[in-house]
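Below is target20.txt, which holds compact mmCIF, C-alpha atoms.
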```txt
# COMPACT_ATOMS: atom_id res chain seq x y z
CA MET M 21 5.97 36.71 -13.22
CA PHE M 22 4.45 36.87 -16.71
CA ARG M 23 2.97 33.37 -16.27
CA ILE M 24 1.25 34.31 -13.03
CA VAL M 25 -0.29 37.44 -14.57
CA PHE M 26 -1.36 35.44 -17.63
CA VAL M 27 -2.94 32.65 -15.57
CA LEU M 28 -4.74 35.08 -13.25
CA GLY M 29 -6.00 37.11 -16.24
CA THR M 30 -7.26 33.98 -17.97
CA LEU M 31 -8.97 32.81 -14.79
CA ALA M 32 -10.61 36.23 -14.33
CA ALA M 33 -11.80 36.20 -17.95
CA MET M 34 -13.31 32.72 -17.52
CA VAL M 35 -15.13 33.74 -14.33
CA TRP M 36 -16.44 36.89 -15.99
CA PHE M 37 -17.60 34.93 -19.04
CA GLY M 38 -19.28 32.26 -16.93
CA THR M 39 -21.21 34.73 -14.81
CA GLN M 40 -21.98 37.60 -17.22
CA VAL M 41 -22.44 36.28 -20.78
CA LYS M 42 -25.89 34.85 -21.49
CA LEU M 43 -25.99 31.53 -23.32
CA GLY M 44 -29.65 31.51 -24.30
CA ASP M 45 -31.74 32.58 -21.32
CA LEU M 46 -29.11 31.75 -18.68
CA THR M 47 -25.40 32.28 -18.07
CA LEU M 48 -23.02 29.33 -17.94
CA TYR M 49 -23.08 29.44 -14.14
CA GLU M 50 -26.90 29.45 -14.10
CA HIS M 51 -26.98 26.48 -16.49
CA LEU M 52 -24.58 24.55 -14.26
CA MET M 53 -26.61 25.34 -11.15
CA ALA M 54 -29.80 24.17 -12.90
CA ILE M 55 -28.08 20.89 -13.75
CA VAL M 56 -26.76 20.44 -10.21
CA ASN M 57 -30.18 21.10 -8.68
CA SER M 58 -32.05 18.77 -11.05
CA GLU M 59 -33.70 15.54 -9.88
CA PRO M 60 -31.41 13.21 -11.91
CA SER M 61 -28.37 14.94 -10.44
CA ARG M 62 -29.67 14.48 -6.89
CA ASN M 63 -30.39 10.80 -7.64
CA LEU M 64 -26.82 10.40 -8.89
CA VAL M 65 -25.39 11.95 -5.72
CA GLU M 66 -27.60 9.83 -3.44
CA GLY M 67 -26.78 6.63 -5.35
CA THR M 68 -23.07 7.38 -5.26
CA LYS M 69 -23.16 8.06 -1.53
CA GLY M 70 -25.05 4.80 -0.96
CA LYS M 71 -22.58 2.71 -2.96
CA PHE M 72 -19.64 4.45 -1.30
CA THR M 73 -21.08 3.80 2.17
CA GLU M 74 -21.66 0.13 1.28
CA GLY M 75 -18.10 -0.19 0.01
CA VAL M 76 -16.64 1.43 3.11
CA SER M 77 -18.64 -0.86 5.39
CA GLU M 78 -17.54 -3.94 3.40
CA VAL M 79 -13.89 -2.89 3.62
CA GLY M 80 -14.37 -2.21 7.34
CA LYS M 81 -15.77 -5.70 7.81
CA LEU M 82 -12.85 -7.25 5.93
CA ILE M 83 -10.28 -5.25 7.85
CA GLY M 84 -12.10 -5.80 11.13
CA ASP M 85 -12.18 -9.56 10.63
CA LYS M 86 -8.45 -9.75 9.95
CA THR M 87 -7.35 -7.38 12.70
CA SER M 88 -9.79 -8.46 15.39
CA THR M 89 -7.66 -11.48 16.33
CA SER M 90 -4.46 -9.47 16.63
CA THR M 91 -5.97 -6.57 18.58
CA SER M 92 -8.52 -8.40 20.73
CA ASP M 93 -6.01 -8.91 23.54
CA ASP M 94 -5.07 -5.23 23.62
CA PRO M 95 -8.06 -2.91 24.11
CA LYS M 96 -5.91 0.22 23.76
CA GLY M 97 -4.77 -0.85 20.31
CA SER M 98 -1.05 -0.49 20.88
CA SER M 99 1.23 -1.65 18.12
CA LYS M 100 2.63 -4.91 19.39
CA PRO M 101 4.35 -7.06 16.80
CA ASP M 102 2.18 -9.76 15.29
CA LYS M 103 3.51 -13.19 16.29
CA SER M 104 2.03 -14.86 13.20
CA GLY M 105 4.03 -12.73 10.75
CA ASP M 106 7.51 -13.19 9.32
CA LYS M 107 9.19 -16.08 11.18
CA ARG M 108 12.67 -14.86 10.32
CA GLY M 109 11.95 -11.46 11.90
CA ALA M 110 10.44 -13.10 14.96
CA ARG M 111 13.53 -15.31 15.40
CA ALA M 112 15.79 -12.28 15.08
CA LEU M 113 13.82 -10.41 17.73
CA ALA M 114 13.84 -13.44 20.00
CA ALA M 115 17.59 -13.83 19.59
CA GLY M 116 18.08 -10.13 20.36
CA GLU M 117 19.69 -9.36 17.01
CA ASP M 118 19.95 -5.72 15.97
CA ARG M 119 20.28 -6.45 12.28
CA PRO M 120 17.37 -6.02 9.90
CA SER M 121 15.78 -9.09 8.38
CA ASP M 122 16.89 -8.02 4.88
CA ASP M 123 20.22 -9.24 3.55
CA VAL M 124 22.21 -6.04 3.02
CA PRO M 125 25.77 -6.44 1.77
CA GLU M 126 28.47 -5.38 4.21
CA ALA M 127 29.87 -2.88 1.68
CA ASP M 128 26.50 -1.10 1.64
CA ARG M 129 26.39 -1.09 5.44
CA LYS M 130 29.85 0.49 5.60
CA ALA M 131 28.94 3.10 2.98
CA LEU M 132 25.77 3.99 4.90
CA ARG M 133 27.65 4.22 8.20
CA LYS M 134 30.25 6.50 6.54
CA LEU M 135 27.47 8.69 5.13
CA ILE M 136 25.73 8.96 8.51
CA GLU M 137 28.97 9.80 10.33
CA SER M 138 29.87 12.47 7.78
CA ARG M 139 26.71 14.45 8.56
CA PRO M 140 27.35 17.49 10.81
```

Could I get this file's structure written as structure tokens?
Amino acid sequence: MFRIVFVLGTLAAMVWFGTQVKLGDLTLYEHLMAIVNSEPSRNLVEGTKGKFTEGVSEVGKLIGDKTSTSTSDDPKGSSKPDKSGDKRGARALAAGEDRPSDDVPEADRKALRKLIESRP
């Protein structure tokens, strides 16, 4: 409880200081707003947005190129397994096996089964 009161008091003191105490002609808040509204700051924001948009479009192109072959047959985009993936998993599915493609020791399987069955 003491921590919460201390943190809230400190936060209130910082807000009061930032909005009420003059540092030269302006308060801390007014200085920050002048910086944010300056021309160099706007150029920084615009340049960052431009680079971010370019990066997103490049990633979209890369992802689109790799997924277009696997989703071109299915316009709804359902999650069918990719036939070009893990051959071992594909063979297991074709053979109708229930077991995962990982090699899990039988002792671990038994321990997991026991744990699952012990749950209410």

Item checked: Selection: 12 Å around Gly38 in chain M, only C-alpha atoms, excl. self and same-chain fewer than 2 positions, as a PyMOL selection string -> chain M and resi 31-36+40-43+46-53

Report the distance between CA of Val65 in chain M and CA of Gly80 in chain M in Å, rounded to one decimal place.
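CA of Gly80 in chain M lies at a distance of 22.2 Å from CA of Val65 in chain M.
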
What separates CA of Thr73 in chain M and CA of Ser61 in chain M is a distance of 18.3 Å

Atomic separation - CA of Glu126 in chain M relative to CA of Pro140 in chain M, Å
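Distance between the two atoms: 23.8 Å.
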